[in-house]
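S.K.: What follows is the file target.cif, containing mmCIF, C-alpha atoms:
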```cif
data_upload
#
loop_
_atom_site.label_atom_id
_atom_site.label_comp_id
_atom_site.auth_asym_id
_atom_site.auth_seq_id
_atom_site.Cartn_x
_atom_site.Cartn_y
_atom_site.Cartn_z
CA MET A 1 32.88 -36.19 -35.86
CA ALA A 2 29.42 -36.44 -34.39
CA ASN A 3 26.94 -33.63 -34.70
CA VAL A 4 25.85 -31.62 -31.68
CA ALA A 5 22.42 -33.27 -31.72
CA THR A 6 24.04 -36.71 -31.44
CA HIS A 7 26.22 -35.55 -28.56
CA ILE A 8 23.13 -34.31 -26.73
CA LEU A 9 20.62 -37.06 -27.54
CA PHE A 10 22.87 -40.08 -27.00
CA PRO A 11 23.62 -39.47 -23.29
CA MET A 12 20.03 -38.31 -22.72
CA LEU A 13 18.66 -41.58 -24.08
CA LEU A 14 21.04 -43.65 -21.98
CA VAL A 15 20.38 -41.70 -18.78
CA GLU A 16 16.61 -41.78 -19.37
CA THR A 17 16.79 -45.55 -19.86
CA TYR A 18 18.69 -45.83 -16.59
CA ARG A 19 16.17 -43.53 -14.86
CA ARG A 20 13.15 -45.53 -16.03
CA TYR A 21 14.24 -49.13 -15.87
CA ILE A 22 17.27 -49.53 -13.61
CA CYS A 23 17.38 -46.83 -10.93
CA LYS A 24 15.40 -47.74 -7.81
CA THR A 25 14.62 -44.14 -6.90
CA LYS A 26 13.44 -41.96 -9.73
CA PHE A 27 15.29 -38.71 -10.31
CA SER A 28 14.29 -35.55 -12.12
CA ARG A 29 14.24 -35.31 -15.89
CA TRP A 30 16.34 -32.17 -15.40
CA TYR A 31 19.21 -34.52 -14.65
CA VAL A 32 18.57 -36.22 -17.99
CA PHE A 33 18.65 -32.82 -19.67
CA PHE A 34 21.90 -31.95 -17.83
CA ALA A 35 23.53 -35.16 -19.08
CA GLY A 36 22.64 -34.09 -22.62
CA LEU A 37 24.16 -30.65 -22.10
CA MET A 38 27.34 -32.21 -20.74
CA GLY A 39 27.41 -34.46 -23.81
CA ALA A 40 27.89 -31.35 -25.93
CA ALA A 41 30.14 -29.46 -23.47
CA PRO A 42 33.54 -30.73 -24.71
CA ASP A 43 33.04 -28.85 -27.98
CA LEU A 44 32.98 -25.56 -26.09
CA ASP A 45 36.75 -25.56 -26.58
CA LEU A 46 36.02 -24.31 -30.10
CA PHE A 47 34.73 -21.04 -28.66
CA TYR A 48 37.80 -20.71 -26.46
CA THR A 49 40.13 -21.18 -29.43
CA HIS A 50 38.05 -18.71 -31.44
CA TYR A 51 38.43 -16.15 -28.67
CA MET A 52 42.16 -16.78 -28.24
CA THR A 53 43.16 -17.13 -31.91
CA GLY A 54 40.45 -15.20 -33.73
CA SER A 55 39.29 -18.25 -35.70
CA PHE A 56 37.86 -21.68 -35.06
CA ASN A 57 41.32 -23.20 -35.07
CA LEU A 58 41.01 -26.99 -34.86
CA THR A 59 44.62 -27.37 -33.71
CA TYR A 60 43.58 -27.41 -30.04
CA HIS A 61 40.24 -29.14 -30.53
CA ARG A 62 39.96 -32.66 -29.11
CA GLU A 63 42.67 -32.21 -26.54
CA MET A 64 41.94 -31.40 -22.91
CA THR A 65 38.14 -31.29 -23.17
CA HIS A 66 38.08 -34.53 -25.16
CA SER A 67 40.13 -36.54 -22.68
CA LEU A 68 38.75 -39.45 -20.70
CA LEU A 69 40.99 -38.17 -17.91
CA LEU A 70 38.63 -35.16 -17.60
CA ALA A 71 35.70 -37.54 -17.21
CA LEU A 72 37.68 -39.55 -14.67
CA ALA A 73 38.46 -36.39 -12.66
CA LEU A 74 34.74 -35.46 -12.60
CA LEU A 75 33.85 -39.01 -11.56
CA LEU A 76 36.44 -39.05 -8.76
CA LEU A 77 35.30 -35.68 -7.44
CA GLY A 78 31.71 -36.93 -7.47
CA ALA A 79 32.74 -40.12 -5.67
CA ILE A 80 34.58 -38.15 -2.97
CA ILE A 81 31.55 -35.92 -2.38
CA TRP A 82 29.26 -38.98 -2.36
CA ALA A 83 31.47 -40.72 0.23
CA LEU A 84 31.59 -37.63 2.45
CA TYR A 85 27.82 -37.13 2.14
CA SER A 86 27.05 -40.81 2.77
CA ASN A 87 29.18 -40.76 5.94
CA LYS A 88 27.37 -37.59 7.06
CA ILE A 89 30.54 -35.48 6.98
CA LEU A 90 28.80 -33.22 4.46
CA LYS A 91 25.27 -32.70 5.75
CA HIS A 92 23.58 -30.20 3.45
CA LYS A 93 21.22 -31.84 0.96
CA GLY A 94 22.72 -29.75 -1.85
CA TRP A 95 25.76 -32.03 -1.82
CA LYS A 96 23.57 -34.88 -3.06
CA THR A 97 22.67 -32.79 -6.09
CA GLY A 98 26.34 -31.92 -6.47
CA TYR A 99 27.59 -35.48 -6.73
CA TRP A 100 24.75 -36.43 -9.09
CA LEU A 101 25.65 -33.54 -11.39
CA LEU A 102 29.33 -34.53 -11.34
CA PHE A 103 28.46 -38.14 -12.18
CA LEU A 104 26.21 -36.99 -15.03
CA ALA A 105 28.87 -34.57 -16.31
CA ALA A 106 31.41 -37.41 -16.34
CA PHE A 107 28.93 -39.60 -18.22
CA GLY A 108 28.13 -36.90 -20.79
CA VAL A 109 31.81 -36.16 -21.43
CA THR A 110 32.56 -39.89 -21.76
CA CYS A 111 29.75 -40.30 -24.32
CA HIS A 112 31.10 -37.33 -26.29
CA VAL A 113 34.67 -38.62 -26.30
CA LEU A 114 33.61 -42.12 -27.36
CA LEU A 115 31.32 -40.81 -30.12
CA ASP A 116 34.09 -38.61 -31.47
CA GLY A 117 36.48 -41.53 -31.19
CA ILE A 118 34.62 -43.71 -33.65
CA ASP A 119 35.53 -41.45 -36.54
CA GLY A 120 39.24 -42.09 -36.28
CA MET A 121 42.08 -40.86 -34.15
CA SER A 122 41.39 -39.36 -30.74
CA ARG A 123 43.67 -38.45 -27.89
CA TRP A 124 41.52 -40.09 -25.23
CA PHE A 125 44.22 -39.82 -22.59
CA TYR A 126 45.48 -36.28 -23.25
CA PRO A 127 47.95 -34.98 -21.96
CA LEU A 128 49.64 -38.37 -21.58
CA GLY A 129 50.14 -38.56 -25.34
CA TRP A 130 48.54 -41.94 -25.88
CA SER A 131 46.53 -42.00 -29.07
CA ILE A 132 43.95 -44.58 -29.97
CA VAL A 133 43.18 -45.02 -33.63
CA LEU A 134 39.88 -46.65 -34.50
CA PRO A 135 38.52 -47.19 -37.99
CA ASN A 136 36.00 -44.62 -39.14
CA LEU A 137 32.95 -46.73 -38.33
CA ILE A 138 30.05 -44.36 -38.91
CA TYR A 139 30.72 -40.79 -39.65
CA ASP A 140 30.54 -38.81 -42.72
CA LYS A 141 28.20 -35.82 -42.96
CA PHE A 142 25.36 -37.84 -44.50
CA ARG A 143 25.41 -40.70 -41.99
CA ALA A 144 25.85 -38.31 -39.05
CA GLY A 145 22.65 -36.53 -40.13
CA ILE A 146 20.79 -39.82 -40.36
CA LEU A 147 22.01 -40.81 -36.88
CA ASP A 148 20.78 -37.46 -35.52
CA GLY A 149 17.36 -38.07 -37.04
CA VAL A 150 17.13 -41.63 -35.71
CA LEU A 151 18.14 -40.55 -32.19
CA LEU A 152 15.61 -37.71 -32.27
CA LEU A 153 12.81 -40.04 -33.36
CA VAL A 154 13.73 -42.54 -30.65
CA TRP A 155 13.71 -39.75 -28.07
CA LEU A 156 10.31 -38.50 -29.23
CA LEU A 157 8.85 -41.99 -29.16
CA TYR A 158 10.47 -42.57 -25.80
CA ASP A 159 8.52 -39.74 -24.24
CA GLU A 160 5.59 -41.56 -22.63
CA GLU A 161 3.01 -38.80 -23.03
CA MET A 162 3.81 -38.31 -26.68
CA PHE A 163 3.77 -42.04 -27.34
CA GLU A 164 0.45 -42.50 -25.54
CA SER A 165 -1.03 -39.54 -27.41
CA MET A 166 0.07 -41.01 -30.76
CA LEU A 167 -1.28 -44.43 -29.79
CA ASN A 168 -4.66 -43.00 -28.72
CA LYS A 169 -4.92 -41.00 -31.93
CA ALA A 170 -4.12 -44.09 -33.99
CA LYS A 171 -6.79 -46.06 -32.09
CA ARG A 172 -9.37 -43.32 -32.80
CA ILE A 173 -8.47 -43.24 -36.48
CA LEU A 174 -8.55 -47.02 -36.80
CA GLY A 175 -11.80 -47.19 -34.83
CA LYS A 176 -13.50 -44.71 -37.20
CA LYS A 177 -12.41 -46.64 -40.30
CA ARG A 178 -13.94 -49.89 -39.05
CA LYS A 179 -17.45 -48.42 -38.80
#
```
What's the structure tokens form of this structure?
M.R.:
Amino acid sequence: MANVATHILFPMLLVETYRRYICKTKFSRWYVFFAGLMGAAPDLDLFYTHYMTGSFNLTYHREMTHSLLLALALLLLGAIIWALYSNKILKHKGWKTGYWLLFLAAFGVTCHVLLDGIDGMSRWFYPLGWSIVLPNLIYDKFRAGILDGVLLLVWLLYDEEMFESMLNKAKRILGKKRK
């Protein structure tokens, strides 16, 4: 089971990479942030089960909110809105934001489901009953913490301003030592 930080940082890094190097028109970093939030959103079912049962009952965890069918539904809804907006049936500019948010939500949920899936059994196609069992490739508490740290460092280095600031500081320090 991935930690919350992994669920947030992994989709953020992927969406930021897409934003910087692949997408022809740049979009707001708020969308990157939203993808990270949606990467953690499937675990909100824990709060629902706590409210309904009085404890963090894991019986219902990893069912509906951890299904790739949820991501597919979000993707299809986004595609329908995109098609209607592209054909000028929906004219308000807010619909463009709407389909982007649905696409990013689908991406964040997919990242979450796949990350949780690499630690063993997941019901990726709930409620259809199909289970996919993968070997536990990465996760135990120690390795999950290391992965969180690595993803955080990559994110911090990925931030251009921070990276440039660190590089300029290193140049100043190295320049002073040479004299």
S.K.: Would you compute the distance between atom CA of Ile118 of chain A and atom CA of Leu9 of chain A? Give it in Å to one decimal.
M.R.: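 That distance, rounded to one decimal, is 16.7 Å.
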S.K.: If I take atom CA of Leu37 of chain A and atom CA of Lys91 of chain A, how far is one from the other in Å, to one decimal?
M.R.: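 It comes out at 27.9 Å.
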S.K.: Rounded to one decimal place, report the atom CA of Ala79 of chain A-atom CA of Val15 of chain A distance in Å.
M.R.: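 Those two atoms sit 18.1 Å apart.
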S.K.: Using all atoms listed in the file, which of A:Leu174, A:Leu75, A:Ile81, A:Leu68 sits nearest Leu104 of chain A?
M.R.: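 Using all atoms listed in the file, Leu104 of chain A sits closest to A:Leu75.
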S.K.: Using only C-alpha atoms, which of A:Met12, A:Tyr51, A:Asp45, A:Ala105 sits nearest Phe33 of chain A?
M.R.: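 Of all the options, A:Met12 lies closest to Phe33 of chain A.
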S.K.: Could you check the closest approach to Thr110 of chain A for each of A:Ser28, A:Ser165, A:Val154, A:Ala71 and tell me which residue wins, using only C-alpha atoms?
M.R.: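 Of all the options, A:Ala71 lies closest to Thr110 of chain A.
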